[in-house]
Amino acid sequence: MQTAAERLQATGTANALEIRGVSRYFGALAALSDVSLSIKPGERRAVLGSNGAGKTTLFNCISGDFPPTSGSIRFFGEDITDFPPHERIRRGLRRTYQISLLFGGLSVIDNVYLACRGVSRGRFSLIRPRRNEALMQSASDLVNAVHLTEIQDQPVSELSYGQQRQLEVALALSGAPRFILFDEPAAGLSPAERSELIEILTSLPEHIGYIIIEHDMDVALRVVESVTMMHNGRIFKEGKPEEIESDREVQELYLGGGHG
Amino acid sequence: MSRFIERHPAWTFVFFVLAILLLLLVFAVWPPGLVAVMGKKKIFLNALLNGITLGALYFLVASGFTLIFGLMRNVNLAHGSLYLLGGYVGYAAVELTGVWFLGFVAAFIIVAIIGVVLQVVVFRRMEGEDLRQTLVTIGISIVLADLMLWYWGGDFYQILTPDWLSGPVVTPIISVLKRSTGDPIYIKYPTVRLVILAASIVIGVGMWLLLNKTRIGMLIRAGVDDRDMLAANGVNVQLIFVVVFAFGAGLAGVAGVVGGTFQSLAPGEDIRYLLASLVVVIVGGMGSIPGAALGAVIIGLAEQFGSVYMPTYSVVGTFLIMVLVLAFRPQGLLSMR
Amino acid sequence: MALLDQTPANAGAAQEGTSRVGQWLARVHPAAWLVVVLLITLPLFANSFILIDIFGWAMILGMIALSLMFLAGYGGMVSLVQMSVAALAGYMVAIFGNSAASEISLGWPWWATLPVAIIIAVLFGTISGALAVRTEGIYTIMITLAIAAAFFYFTRQNYTIFNGFSGFNSLKPPEIFGINWRDHVPFYYLILFWAAVSYLVVIYVSRSPFGLALQGIRDNPRRMEALGFHVTAHRVAAYTFAALIAAIAGILLSWFSNQISPGTAGIGPVIDILVIAVVGGLSRPIGPFIGALVYVLLRTFSLDVLEAVGLDGSRFKLMIGLGFLLIVFFSPDGLLGLWERWKGYMARSRNEFDPLGGGER
C-alpha cells in the first residue's frame with residue numbers, strides 16, 4: 001500500500017495509464033496478446049481496428065470488468081491490475097459502454113446523481129438531496145454539459161438512442177474523473193448528434209485524458225492527438241492522426257477494407 | 001466419483017466411516033448402553049425407513065418441479081395443486097374401477113393434460129417474464145384449490161391399497177434378541193411403502209438415464225444451456241417444452257396418488273407439498289434431478305427423525321437445513337449452475 | 001397519476017426562493033386533497049363498522065402490502081415474508097405485554113414492549129432479507145415463501161413461547177396520554193396516522209440517495225456495483241426498512257383483531273398480501289392501499305353479493321383468485337396500470353380533436 005504522499009508524487013510523474021504486456025485469453029482464444037501502451041496525463045488517444053481486434057477486451061481489462069490473464073496495468077503510477085471496478089472508479093477511471101447499461105426506470109438527472117453519489121459518502125442516506133446540494137448541483141451541471149437539461153426529469157427508458165449515448169458520457173464524467181474510456185460513443189448517432197458529441201468531447205477540461213474506440217474516423221481523428229491501431233489482439237501501429245491516416249498499411253488493412 | 005476420492009481423501013475417509021457406522025446402526029444388535037441413549041432400535045429404524053420413504057414421495061413431487069424449472073426456468077407455484085388434483089383423480093379412478101394401478105394411469109394422463117394446457121396458455125405467452133409466471137401460477141393455485149374444495153369438500157380421503165400390498169413385510173433387519181430364548185426378532189415394515197420406494201428409485205434412475213444417456217435427453221439438456229442454439233439446429237423447442245412440462249406435471253399427479261395411498265388427501269395438502277418441493281429443490285439445487293433426490297432424502301429424514309427425537313422442533317430442523325444451505329451454498333448442494 | 005406526484009417540478013432558479021413545503025403542497029393533486037379531507041372527517045359520519053372494519057383494516061393491510069411494494073417496486077425483490085414480520089411484531093407485543101395467556105405474557109409496560117417488539121420483528125425481516133438476497137429474481141419469491149411457511153409451522157408447534165395453535169387473545173392497545181386507544185375513533189386515527197406516515201416516508205425515501213440507489217440496483221445491479229455501491233448491503237437495508245413498516249402494521253393488526261395466532265401469518269394471508277400489492281399496483285406507494293381497500297370490500301361484501309345473485313357465498317376465494325388472474329394477465333401493473341392506460345387512451349382521443357391540447361406525456 002502506498003502512502004498518500006507517494007501516491008501524490010507518483011501522480012505527478014507517472015503516466016496516466018501504463019499497460020505492460022497485457023494478455024487476455026478466453027479458453028484457448030487470445031483476445032489480447034502482449035499489449036503495452038503508455039498514455040500521458042491529459043492525453044487523448046483513439047484506438048482503432050476492425051471488429052474482433054481486441055479493443056473492447058482491452059477496455060474491459062483496464063476498467064476491471066474482466067481482469068487480464070497476464071500483464072500489469074498502472075493508473076497514475078498505482079498498480080490496479082487486481083482491483084475491482086469500483087476501486088478503479090474511486091481513483092478517477094471511468095468508462096462508457098457500447099450496449100446501454102443505464103438505469104431505465106430512473107430519470108436522467110437521477111442517473112447522473114447516482115453516478116456522482118457512487119464515488120462519495122452517504123450512499124445509504126435517507127435524506128432527500130436538496131436542489132442546491134453540491135452533488136445535485138454537479139449532477140445538473142453534467143446534464144447541462146451533455147445538453148440534456150430540457151429532458152432531465154424524463155425516465156431514461158423513454159429517451160432516444162442518441163440521448164442515451166449522451167447520458168452515458170455524462171455518467172462517465174461524474175465524480176472527479178481523471179481518465180475516461182469511451183467505447184464507440186458515436187455508434188448509431190445521427191450526423192447532428194455526432195457533431196454534438198464532438199463538441200462535448202473537445203470541450204472537456206484539459207486535465208481529463210481519454211481513450212476512444214471509434215469506427216467513424218471523422219469523429220475519432222478530430223478529438224484525439226494520437227492513435228493506436230490494433231489488429232488480431234496486438235498493437236499494430238502507433239502515431240499521430242495524420243500519420244495514421246496517410247499510412248499505406250493502415251489504409252490497406254482498415255480504411256481500404258470498405259469499412260464505413 | 002474417483003475424482004472426488006483423489007481430490008478429497010480426508011472427506012472420503014469421513015464418509016466411509018459414517019457409512020460403516022450407519023450400517024452398524026442398522027444391522028447390528030444394539031447394546032443396552034446405546035438403547036439407553038437413543039431409545040429402542042425399532043424406533044430408530046422406523047424413523048429411518050419412514051424418512052427414506054417420505055423422501056421418495058418428496059422426490060416424486062419435487063423432481064417434476066425441478067425438471068420444469070431446470071429446462072424452462074418456469075416456476076410453477078401451482079405444482080402443489082397438480083399433486084392434490086392427481087391424488088383426487090387417482091382416488092376417483094380407484095373407486096370406479098377397483099384397480100389400484102389404474103389410479104396412477106388416470107392421474108398421470110389427466111394431470112399431464114392440464115400441464116400441457118398450462119404450458120400453452122400461460123407459460124408460452126409469458127416467456128421470460130418470471131414474476132408474471134409466478135403470479136399467474138399463484139392465481140391458478142388459488143382457483144384450483146377452491147374448485148377442488150367445491151367438488152371434493154373438506155373431507156379426508158385415503159386411497160385403499162390392494163390386498164397383495166397391504167400388510168407388513170418382514171425385513172432381514174434384527175430389531176432385538178428375545179430375552180428368554182435369544183431368538184432374533186425382525187423388523188416388520190409396510191409393504192406398500194417399500195414398493196413405492198423402489199418405484200421412486202426406478203423413476204429417478206430412469207429420468208437420470210433419459211437425461212444423460214439418450215438423444216432426447218441431450219436435446220433437453222442442450223435446451224437448458226442454450227435455447228437459441230437448439231432452435232437454430234432445427235429442433236422443435238416448443239414441442240420439447242410441452243412434453244417436458246406434461247411429464248413433470250404427470251409426475252406430480254402420480255405423486256398425488258402415492259401420497260393419497262400412504263398418507264391422505266385433504267385441502268391444504270397442495271400447499272404442504274408445494275412447500276416441500278420448494279425446500280427440497282432449494283436444498284438440493286434448482287433444476288438438478290440428483291439434487292432433488294438428495295434434497296428429498298435429507299428433508300424426509302430430517303422431518304421423521306425430528307418428529308421422533310425432538311417433536312416440538314421438527315420444522316425448525318428442516319428450516320435450519322435450508323438456512324445453512326442458503327448461507328453456505330446458495331445455489332444448492334448439487335446445482336447445475 | 002398517483003395522488004401525490006413524485007417527480008420534482010421543473011423548478012427554475014426563480015422559484016428557488018419560495019418555501020419547499022409550499023411547492024411540494026402545490027404539486028399535490030386536487031383529488032388527493034379530497035381523499036385526505038374524507039379520511040380525516042370520516043369519523044363524523046361513518047359508523048364504527050365502516051371506520052374500523054373497512055377503512056382501518058384496509059389501511060393496516062395496505063401498510064403491510066406497502067412494505068412489499070417498497071421491496072418489489074423499488075428493489076425488484078418480491079418478498080413474501082412481510083406478513084410474517086408483521087405477525088412476529090404482533091406476537092412480541094402479546095409476549096412482552098399483556099394477553100389472556102398470562103402464564104406466558106410478561107406484562108411489560110407499553111413503552112418497553114412496543115420498541116422491543118418492533119426491534120425483534122425488524123431483526124427477523126433483516127435476517128430473512130440477508131438470506132433471500134444471496135440469490136436473485138425468482139428465487140427470492142421461493143425462499144421467502146419457504147421462510148414464511150417455516151414461521152407459520154414453528155409458531156403452530158411451539159407452545160413455550162408462541163402458545164401453539166391458539167396463540168394469544170385479548171390484545172388491546174394501551175391507554176396513553178389519558179386516551180383510551182381501543183375506542184373506535186382514537187383507534188381509527190391511530191391507524192390513519194401510521195398509515196399516512198409510512199406512505200409519506202416511502203415516497204420521501206424513494207427519492208433519497210438510498211431509494212434512488214435501490215432503484216438503480218433494480219435496473220442494473222452490475223453497473224451499480226461498478227459505480228461503487230454495495231449492492232448486497234443496499235438490498236438488505238431495504239429489507240430492514242420494509243420490515244419497520246410491516247412491524248408497525250403488525251402491532252396495529254394484533255390490536256385490530258384482538259388476537260394473534262399462527263393463522264395470522266398462514267400461507268393464505270401471506271399470499272393475500274402479494275395479491276393486494278399486485279392488484280393495487282407495484283409501481284407506486286398508493287397501489288397497495290387501493291388493493292387493500294378492494295380486498296377488504298370484496299372480503300366483507302362478496303358473501304352478500306354472491307348470494308344476492310344466487311351463487312354459493314362460500315366461493316369467495318374463487319372470485320379473488322379469478323380476479324387476481326385477470327389482473328395479472330391483462331394489467332401487469334394492477335389497477336393503477338389500468339387507470340393509467342385509460343387516462344392515456346382518453347388523452348390520446350382528446351388530442352386527436354384538439355391539436356393544441358398537450359397530453360401530460
# chains A, B, ... in the order shown; residues from 1 in each chain; ligands from 1

call {"tool": "select_by_dssp", "arguments": {"residues": "region 106-326 of chain B", "states": "alpha helix (DSSP H)", "output": "PDB file with C-alpha atoms, in the first residue's frame"}}
result
ATOM      1  CA  ALA B 106     -55.578 -41.813 -14.767  1.00  0.00           C
ATOM      2  CA  ALA B 107     -53.754 -39.306 -12.564  1.00  0.00           C
ATOM      3  CA  PHE B 108     -50.750 -39.175 -14.866  1.00  0.00           C
ATOM      4  CA  ILE B 109     -52.795 -38.674 -18.019  1.00  0.00           C
ATOM      5  CA  ILE B 110     -55.244 -36.112 -16.694  1.00  0.00           C
ATOM      6  CA  VAL B 111     -52.681 -34.030 -14.821  1.00  0.00           C
ATOM      7  CA  ALA B 112     -50.297 -34.200 -17.775  1.00  0.00           C
ATOM      8  CA  ILE B 113     -53.047 -32.813 -19.998  1.00  0.00           C
ATOM      9  CA  ILE B 114     -53.578 -29.969 -17.546  1.00  0.00           C
ATOM     10  CA  GLY B 115     -49.838 -29.405 -17.653  1.00  0.00           C
ATOM     11  CA  VAL B 116     -49.985 -29.085 -21.431  1.00  0.00           C
ATOM     12  CA  VAL B 117     -52.791 -26.544 -21.158  1.00  0.00           C
ATOM     13  CA  LEU B 118     -50.804 -24.586 -18.565  1.00  0.00           C
ATOM     14  CA  ASP B 130     -40.542 -14.719 -14.347  1.00  0.00           C
ATOM     15  CA  LEU B 131     -42.583 -12.611 -11.987  1.00  0.00           C
ATOM     16  CA  ARG B 132     -45.758 -12.726 -14.050  1.00  0.00           C
ATOM     17  CA  GLN B 133     -45.488 -16.501 -14.448  1.00  0.00           C
ATOM     18  CA  THR B 134     -45.135 -16.874 -10.721  1.00  0.00           C
ATOM     19  CA  LEU B 135     -48.073 -14.596 -10.012  1.00  0.00           C
ATOM     20  CA  VAL B 136     -50.283 -16.323 -12.561  1.00  0.00           C
ATOM     21  CA  THR B 137     -49.476 -19.748 -11.138  1.00  0.00           C
ATOM     22  CA  ILE B 138     -50.273 -18.467  -7.647  1.00  0.00           C
ATOM     23  CA  GLY B 139     -53.636 -17.299  -9.014  1.00  0.00           C
ATOM     24  CA  ILE B 140     -54.203 -20.661 -10.653  1.00  0.00           C
ATOM     25  CA  SER B 141     -53.420 -22.494  -7.430  1.00  0.00           C
ATOM     26  CA  ILE B 142     -55.932 -20.328  -5.531  1.00  0.00           C
ATOM     27  CA  VAL B 143     -58.594 -21.075  -8.139  1.00  0.00           C
ATOM     28  CA  LEU B 144     -57.791 -24.805  -8.338  1.00  0.00           C
ATOM     29  CA  ALA B 145     -57.762 -25.120  -4.553  1.00  0.00           C
ATOM     30  CA  ASP B 146     -61.247 -23.635  -4.324  1.00  0.00           C
ATOM     31  CA  LEU B 147     -62.580 -25.692  -7.218  1.00  0.00           C
ATOM     32  CA  MET B 148     -61.297 -28.888  -5.588  1.00  0.00           C
ATOM     33  CA  LEU B 149     -62.773 -27.834  -2.257  1.00  0.00           C
ATOM     34  CA  TRP B 150     -66.060 -27.219  -4.045  1.00  0.00           C
ATOM     35  CA  TYR B 151     -66.116 -30.631  -5.703  1.00  0.00           C
ATOM     36  CA  TRP B 152     -64.492 -32.913  -3.152  1.00  0.00           C
ATOM     37  CA  THR B 191     -45.011 -53.484   2.010  1.00  0.00           C
ATOM     38  CA  VAL B 192     -46.620 -50.640   0.104  1.00  0.00           C
ATOM     39  CA  ARG B 193     -44.043 -48.128   1.344  1.00  0.00           C
ATOM     40  CA  LEU B 194     -41.171 -50.312   0.228  1.00  0.00           C
ATOM     41  CA  VAL B 195     -42.777 -50.806  -3.173  1.00  0.00           C
ATOM     42  CA  ILE B 196     -43.209 -47.069  -3.543  1.00  0.00           C
ATOM     43  CA  LEU B 197     -39.612 -46.528  -2.530  1.00  0.00           C
ATOM     44  CA  ALA B 198     -38.482 -48.994  -5.167  1.00  0.00           C
ATOM     45  CA  ALA B 199     -40.716 -47.365  -7.776  1.00  0.00           C
ATOM     46  CA  SER B 200     -39.335 -43.914  -6.958  1.00  0.00           C
ATOM     47  CA  ILE B 201     -35.796 -45.153  -7.316  1.00  0.00           C
ATOM     48  CA  VAL B 202     -36.676 -46.704 -10.670  1.00  0.00           C
ATOM     49  CA  ILE B 203     -38.321 -43.467 -11.852  1.00  0.00           C
ATOM     50  CA  GLY B 204     -35.412 -41.364 -10.617  1.00  0.00           C
ATOM     51  CA  VAL B 205     -32.747 -43.543 -12.205  1.00  0.00           C
ATOM     52  CA  GLY B 206     -34.840 -43.717 -15.365  1.00  0.00           C
ATOM     53  CA  MET B 207     -35.083 -39.932 -15.563  1.00  0.00           C
ATOM     54  CA  TRP B 208     -31.385 -39.584 -14.963  1.00  0.00           C
ATOM     55  CA  LEU B 209     -30.562 -42.099 -17.685  1.00  0.00           C
ATOM     56  CA  LEU B 210     -33.034 -40.458 -20.053  1.00  0.00           C
ATOM     57  CA  LEU B 211     -31.494 -37.040 -19.497  1.00  0.00           C
ATOM     58  CA  ASN B 212     -27.889 -38.140 -19.587  1.00  0.00           C
ATOM     59  CA  LYS B 213     -27.711 -41.100 -21.935  1.00  0.00           C
ATOM     60  CA  ARG B 215     -30.555 -38.256 -27.632  1.00  0.00           C
ATOM     61  CA  ILE B 216     -33.740 -36.640 -26.414  1.00  0.00           C
ATOM     62  CA  GLY B 217     -32.069 -36.125 -23.061  1.00  0.00           C
ATOM     63  CA  MET B 218     -29.146 -34.425 -24.744  1.00  0.00           C
ATOM     64  CA  LEU B 219     -31.592 -32.167 -26.571  1.00  0.00           C
ATOM     65  CA  ILE B 220     -33.344 -31.270 -23.338  1.00  0.00           C
ATOM     66  CA  ARG B 221     -30.103 -30.518 -21.555  1.00  0.00           C
ATOM     67  CA  ALA B 222     -28.839 -28.537 -24.520  1.00  0.00           C
ATOM     68  CA  GLY B 223     -32.056 -26.552 -24.292  1.00  0.00           C
ATOM     69  CA  VAL B 224     -31.188 -25.674 -20.720  1.00  0.00           C
ATOM     70  CA  ASP B 225     -27.841 -24.268 -21.765  1.00  0.00           C
ATOM     71  CA  ARG B 227     -32.225 -22.387 -26.277  1.00  0.00           C
ATOM     72  CA  ASP B 228     -31.397 -20.422 -29.406  1.00  0.00           C
ATOM     73  CA  MET B 229     -28.696 -22.847 -30.435  1.00  0.00           C
ATOM     74  CA  LEU B 230     -31.220 -25.642 -30.193  1.00  0.00           C
ATOM     75  CA  ALA B 231     -33.773 -23.765 -32.257  1.00  0.00           C
ATOM     76  CA  ALA B 232     -31.120 -22.890 -34.829  1.00  0.00           C
ATOM     77  CA  VAL B 237     -38.060 -26.437 -28.901  1.00  0.00           C
ATOM     78  CA  GLN B 238     -41.710 -25.721 -28.162  1.00  0.00           C
ATOM     79  CA  LEU B 239     -42.590 -29.385 -28.630  1.00  0.00           C
ATOM     80  CA  ILE B 240     -39.839 -30.445 -26.226  1.00  0.00           C
ATOM     81  CA  PHE B 241     -41.087 -27.884 -23.733  1.00  0.00           C
ATOM     82  CA  VAL B 242     -44.642 -29.184 -23.921  1.00  0.00           C
ATOM     83  CA  VAL B 243     -43.509 -32.778 -23.496  1.00  0.00           C
ATOM     84  CA  VAL B 244     -41.271 -31.990 -20.521  1.00  0.00           C
ATOM     85  CA  PHE B 245     -43.969 -29.879 -18.914  1.00  0.00           C
ATOM     86  CA  ALA B 246     -46.534 -32.649 -19.390  1.00  0.00           C
ATOM     87  CA  PHE B 247     -44.168 -35.206 -17.937  1.00  0.00           C
ATOM     88  CA  GLY B 248     -43.303 -33.040 -14.931  1.00  0.00           C
ATOM     89  CA  ALA B 249     -46.961 -32.332 -14.248  1.00  0.00           C
ATOM     90  CA  GLY B 250     -47.844 -36.002 -14.708  1.00  0.00           C
ATOM     91  CA  LEU B 251     -45.211 -36.916 -12.128  1.00  0.00           C
ATOM     92  CA  ALA B 252     -46.893 -34.559  -9.675  1.00  0.00           C
ATOM     93  CA  GLY B 253     -50.182 -36.348 -10.376  1.00  0.00           C
ATOM     94  CA  VAL B 254     -48.602 -39.757  -9.766  1.00  0.00           C
ATOM     95  CA  ALA B 255     -47.075 -38.441  -6.562  1.00  0.00           C
ATOM     96  CA  GLY B 256     -50.572 -37.399  -5.516  1.00  0.00           C
ATOM     97  CA  VAL B 257     -51.768 -40.989  -5.812  1.00  0.00           C
ATOM     98  CA  VAL B 258     -48.752 -42.179  -3.846  1.00  0.00           C
ATOM     99  CA  GLY B 259     -49.387 -39.568  -1.175  1.00  0.00           C
ATOM    100  CA  GLY B 260     -53.068 -40.460  -1.123  1.00  0.00           C
ATOM    101  CA  THR B 261     -52.110 -44.083  -0.508  1.00  0.00           C
ATOM    102  CA  PHE B 262     -49.744 -43.830   2.391  1.00  0.00           C
ATOM    103  CA  GLU B 269     -52.062 -30.754   1.216  1.00  0.00           C
ATOM    104  CA  ASP B 270     -51.425 -28.853  -2.034  1.00  0.00           C
ATOM    105  CA  ILE B 271     -49.613 -26.105  -0.170  1.00  0.00           C
ATOM    106  CA  ARG B 272     -47.793 -28.584   2.033  1.00  0.00           C
ATOM    107  CA  TYR B 273     -46.323 -30.414  -0.927  1.00  0.00           C
ATOM    108  CA  LEU B 274     -45.577 -27.229  -2.825  1.00  0.00           C
ATOM    109  CA  LEU B 275     -43.560 -26.055   0.166  1.00  0.00           C
ATOM    110  CA  ALA B 276     -41.872 -29.432   0.491  1.00  0.00           C
ATOM    111  CA  SER B 277     -40.885 -29.220  -3.175  1.00  0.00           C
ATOM    112  CA  LEU B 278     -39.556 -25.704  -2.687  1.00  0.00           C
ATOM    113  CA  VAL B 279     -37.428 -26.671   0.285  1.00  0.00           C
ATOM    114  CA  VAL B 280     -36.218 -29.834  -1.435  1.00  0.00           C
ATOM    115  CA  VAL B 281     -35.091 -28.011  -4.563  1.00  0.00           C
ATOM    116  CA  ILE B 282     -33.585 -25.120  -2.609  1.00  0.00           C
ATOM    117  CA  VAL B 283     -31.539 -27.615  -0.589  1.00  0.00           C
ATOM    118  CA  GLY B 284     -30.728 -29.955  -3.476  1.00  0.00           C
ATOM    119  CA  ILE B 289     -32.532 -34.388 -10.654  1.00  0.00           C
ATOM    120  CA  PRO B 290     -29.832 -35.890  -8.389  1.00  0.00           C
ATOM    121  CA  GLY B 291     -30.120 -32.719  -6.324  1.00  0.00           C
ATOM    122  CA  ALA B 292     -33.844 -33.276  -5.920  1.00  0.00           C
ATOM    123  CA  ALA B 293     -33.172 -36.858  -4.804  1.00  0.00           C
ATOM    124  CA  LEU B 294     -30.554 -35.809  -2.275  1.00  0.00           C
ATOM    125  CA  GLY B 295     -32.658 -32.912  -1.007  1.00  0.00           C
ATOM    126  CA  ALA B 296     -35.759 -35.103  -0.748  1.00  0.00           C
ATOM    127  CA  VAL B 297     -33.992 -37.752   1.327  1.00  0.00           C
ATOM    128  CA  ILE B 298     -32.376 -35.137   3.578  1.00  0.00           C
ATOM    129  CA  ILE B 299     -35.668 -33.364   4.206  1.00  0.00           C
ATOM    130  CA  GLY B 300     -37.619 -36.624   4.614  1.00  0.00           C
ATOM    131  CA  LEU B 301     -35.107 -37.925   7.164  1.00  0.00           C
ATOM    132  CA  ALA B 302     -34.925 -34.583   8.968  1.00  0.00           C
ATOM    133  CA  GLU B 303     -38.714 -34.490   9.309  1.00  0.00           C
ATOM    134  CA  GLN B 304     -39.026 -38.066  10.564  1.00  0.00           C
ATOM    135  CA  PHE B 305     -36.062 -38.026  12.936  1.00  0.00           C
ATOM    136  CA  GLY B 306     -37.160 -34.592  14.091  1.00  0.00           C
ATOM    137  CA  SER B 307     -40.641 -35.766  14.923  1.00  0.00           C
ATOM    138  CA  VAL B 308     -39.263 -38.780  16.807  1.00  0.00           C
ATOM    139  CA  TYR B 309     -36.363 -37.286  18.722  1.00  0.00           C
ATOM    140  CA  SER B 314     -39.053 -30.846  13.809  1.00  0.00           C
ATOM    141  CA  VAL B 315     -39.958 -27.968  11.488  1.00  0.00           C
ATOM    142  CA  VAL B 316     -37.089 -25.928  12.836  1.00  0.00           C
ATOM    143  CA  GLY B 317     -34.704 -28.702  11.869  1.00  0.00           C
ATOM    144  CA  THR B 318     -35.940 -28.701   8.283  1.00  0.00           C
ATOM    145  CA  PHE B 319     -35.762 -24.932   8.183  1.00  0.00           C
ATOM    146  CA  LEU B 320     -32.294 -24.900   9.699  1.00  0.00           C
ATOM    147  CA  ILE B 321     -31.056 -27.189   6.952  1.00  0.00           C
ATOM    148  CA  MET B 322     -32.445 -24.787   4.368  1.00  0.00           C
ATOM    149  CA  VAL B 323     -30.877 -21.774   6.070  1.00  0.00           C
ATOM    150  CA  LEU B 324     -27.490 -23.480   6.299  1.00  0.00           C
ATOM    151  CA  VAL B 325     -27.588 -24.409   2.638  1.00  0.00           C
ATOM    152  CA  LEU B 326     -28.616 -20.882   1.649  1.00  0.00           C
TER     153      LEU B 326
END

call {"tool": "closest_atom_pairs", "arguments": {"of": "chain C", "to": "chain B", "cutoff": "7 Å", "atoms": "only C-alpha atoms", "output": "JSON lines"}}
result
{"residue": "C:Leu131", "atom": "CA", "partner": "B:Leu326", "partner_atom": "CA", "distance": 6.5}
{"residue": "C:Arg134", "atom": "CA", "partner": "B:Pro330", "partner_atom": "CA", "distance": 6.4}
{"residue": "C:Thr135", "atom": "CA", "partner": "B:Pro330", "partner_atom": "CA", "distance": 6.7}
{"residue": "C:Ile138", "atom": "CA", "partner": "B:Asp130", "partner_atom": "CA", "distance": 6.3}
{"residue": "C:Met142", "atom": "CA", "partner": "B:Leu278", "partner_atom": "CA", "distance": 6.6}
{"residue": "C:Ala146", "atom": "CA", "partner": "B:Leu275", "partner_atom": "CA", "distance": 6.4}
{"residue": "C:Ala150", "atom": "CA", "partner": "B:Phe319", "partner_atom": "CA", "distance": 6.3}
{"residue": "C:Tyr153", "atom": "CA", "partner": "B:Val315", "partner_atom": "CA", "distance": 6.6}
{"residue": "C:Phe154", "atom": "CA", "partner": "B:Val315", "partner_atom": "CA", "distance": 6.3}
{"residue": "C:Gln157", "atom": "CA", "partner": "B:Thr312", "partner_atom": "CA", "distance": 5.8}
{"residue": "C:Asn158", "atom": "CA", "partner": "B:Thr312", "partner_atom": "CA", "distance": 6.2}
{"residue": "C:Lys317", "atom": "CA", "partner": "B:Asp146", "partner_atom": "CA", "distance": 6.4}
{"residue": "C:Leu318", "atom": "CA", "partner": "B:Val143", "partner_atom": "CA", "distance": 5.2}
{"residue": "C:Gly321", "atom": "CA", "partner": "B:Val143", "partner_atom": "CA", "distance": 5.2}
{"residue": "C:Leu322", "atom": "CA", "partner": "B:Val143", "partner_atom": "CA", "distance": 6.5}
{"residue": "C:Phe324", "atom": "CA", "partner": "B:Gly139", "partner_atom": "CA", "distance": 6.1}
{"residue": "C:Leu325", "atom": "CA", "partner": "B:Gly139", "partner_atom": "CA", "distance": 5.3}
{"residue": "C:Val328", "atom": "CA", "partner": "B:Val136", "partner_atom": "CA", "distance": 6.4}

call {"tool": "write_last_selection", "arguments": {"atoms": "C-alpha atoms", "output": "tab-separated table (two decimals), in the first residue's frame"}}
result
chain	number	residue	atom	x	y	z
C	131	LEU	CA	-30.80	-14.94	3.28
C	134	ARG	CA	-28.00	-14.28	-1.67
C	135	THR	CA	-29.98	-15.31	-4.72
C	138	ILE	CA	-37.44	-15.72	-8.97
C	142	MET	CA	-39.43	-19.17	-3.34
C	146	ALA	CA	-40.30	-21.08	2.46
C	150	ALA	CA	-41.38	-22.17	8.42
C	153	TYR	CA	-45.35	-24.09	11.26
C	154	PHE	CA	-42.95	-23.06	14.01
C	157	GLN	CA	-45.79	-26.16	17.01
C	158	ASN	CA	-44.10	-24.09	19.68
C	317	LYS	CA	-61.76	-17.49	-2.74
C	318	LEU	CA	-62.64	-18.46	-6.28
C	321	GLY	CA	-58.40	-15.96	-7.45
C	322	LEU	CA	-60.13	-15.29	-10.77
C	324	PHE	CA	-56.28	-11.80	-9.45
C	325	LEU	CA	-55.69	-13.93	-12.55
C	328	VAL	CA	-52.14	-10.33	-13.74

call {"tool": "closest_residue", "arguments": {"among": "C:Ser254, C:Asn220, C:Thr240, C:Ser261", "to": "chain A", "atoms": "only C-alpha atoms"}}
result
C:Asn220

call {"tool": "interface_residues", "arguments": {"of": "chain C", "to": "chain A", "cutoff": "8 Å", "atoms": "only C-alpha atoms", "output": "list in words"}}
result
Thr7, Pro8, Asn10, Tyr204, Val205, Arg207, Ser208, Pro209, Phe210, Gly211, Leu212, Ala213, Gln215, Gly216, Asp219, Asn220, Arg223, Met224, Glu225, Ala226, Leu227, Gly228, Phe229 and His234 of chain C

call {"tool": "select_by_dssp", "arguments": {"residues": "region 6-253 of chain A", "states": "strand (DSSP E or B)", "output": "ChimeraX atom specification"}}
result
/A:17-26,29-39,44-48,70-75,78-79,93-95,107,155,179-183,209-213,226-231,234-239

call {"tool": "closest_residue", "arguments": {"among": "C:Asn163, C:Asn98, C:Ser67, C:Ser79", "to": "Ile147 (chain C)", "atoms": "only C-alpha atoms"}}
result
C:Ser79

call {"tool": "atom_distance", "arguments": {"atom1": "CA of Leu45 (chain B)", "atom2": "CA of Ile185 (chain B)"}}
result
13.4 Å

call {"tool": "atom_distance", "arguments": {"atom1": "CA of Val275 (chain C)", "atom2": "CA of Leu123 (chain C)"}}
result
25.1 Å

call {"tool": "residues_around", "arguments": {"residues": "region 40-57 of chain C", "least_positions_apart": "3", "cutoff": "12 Å", "atoms": "only C-alpha atoms", "output": "PyMOL selection string"}}
result
chain C and resi 33-37+60-64+182-196+249-250+252-257+289-290+292-301
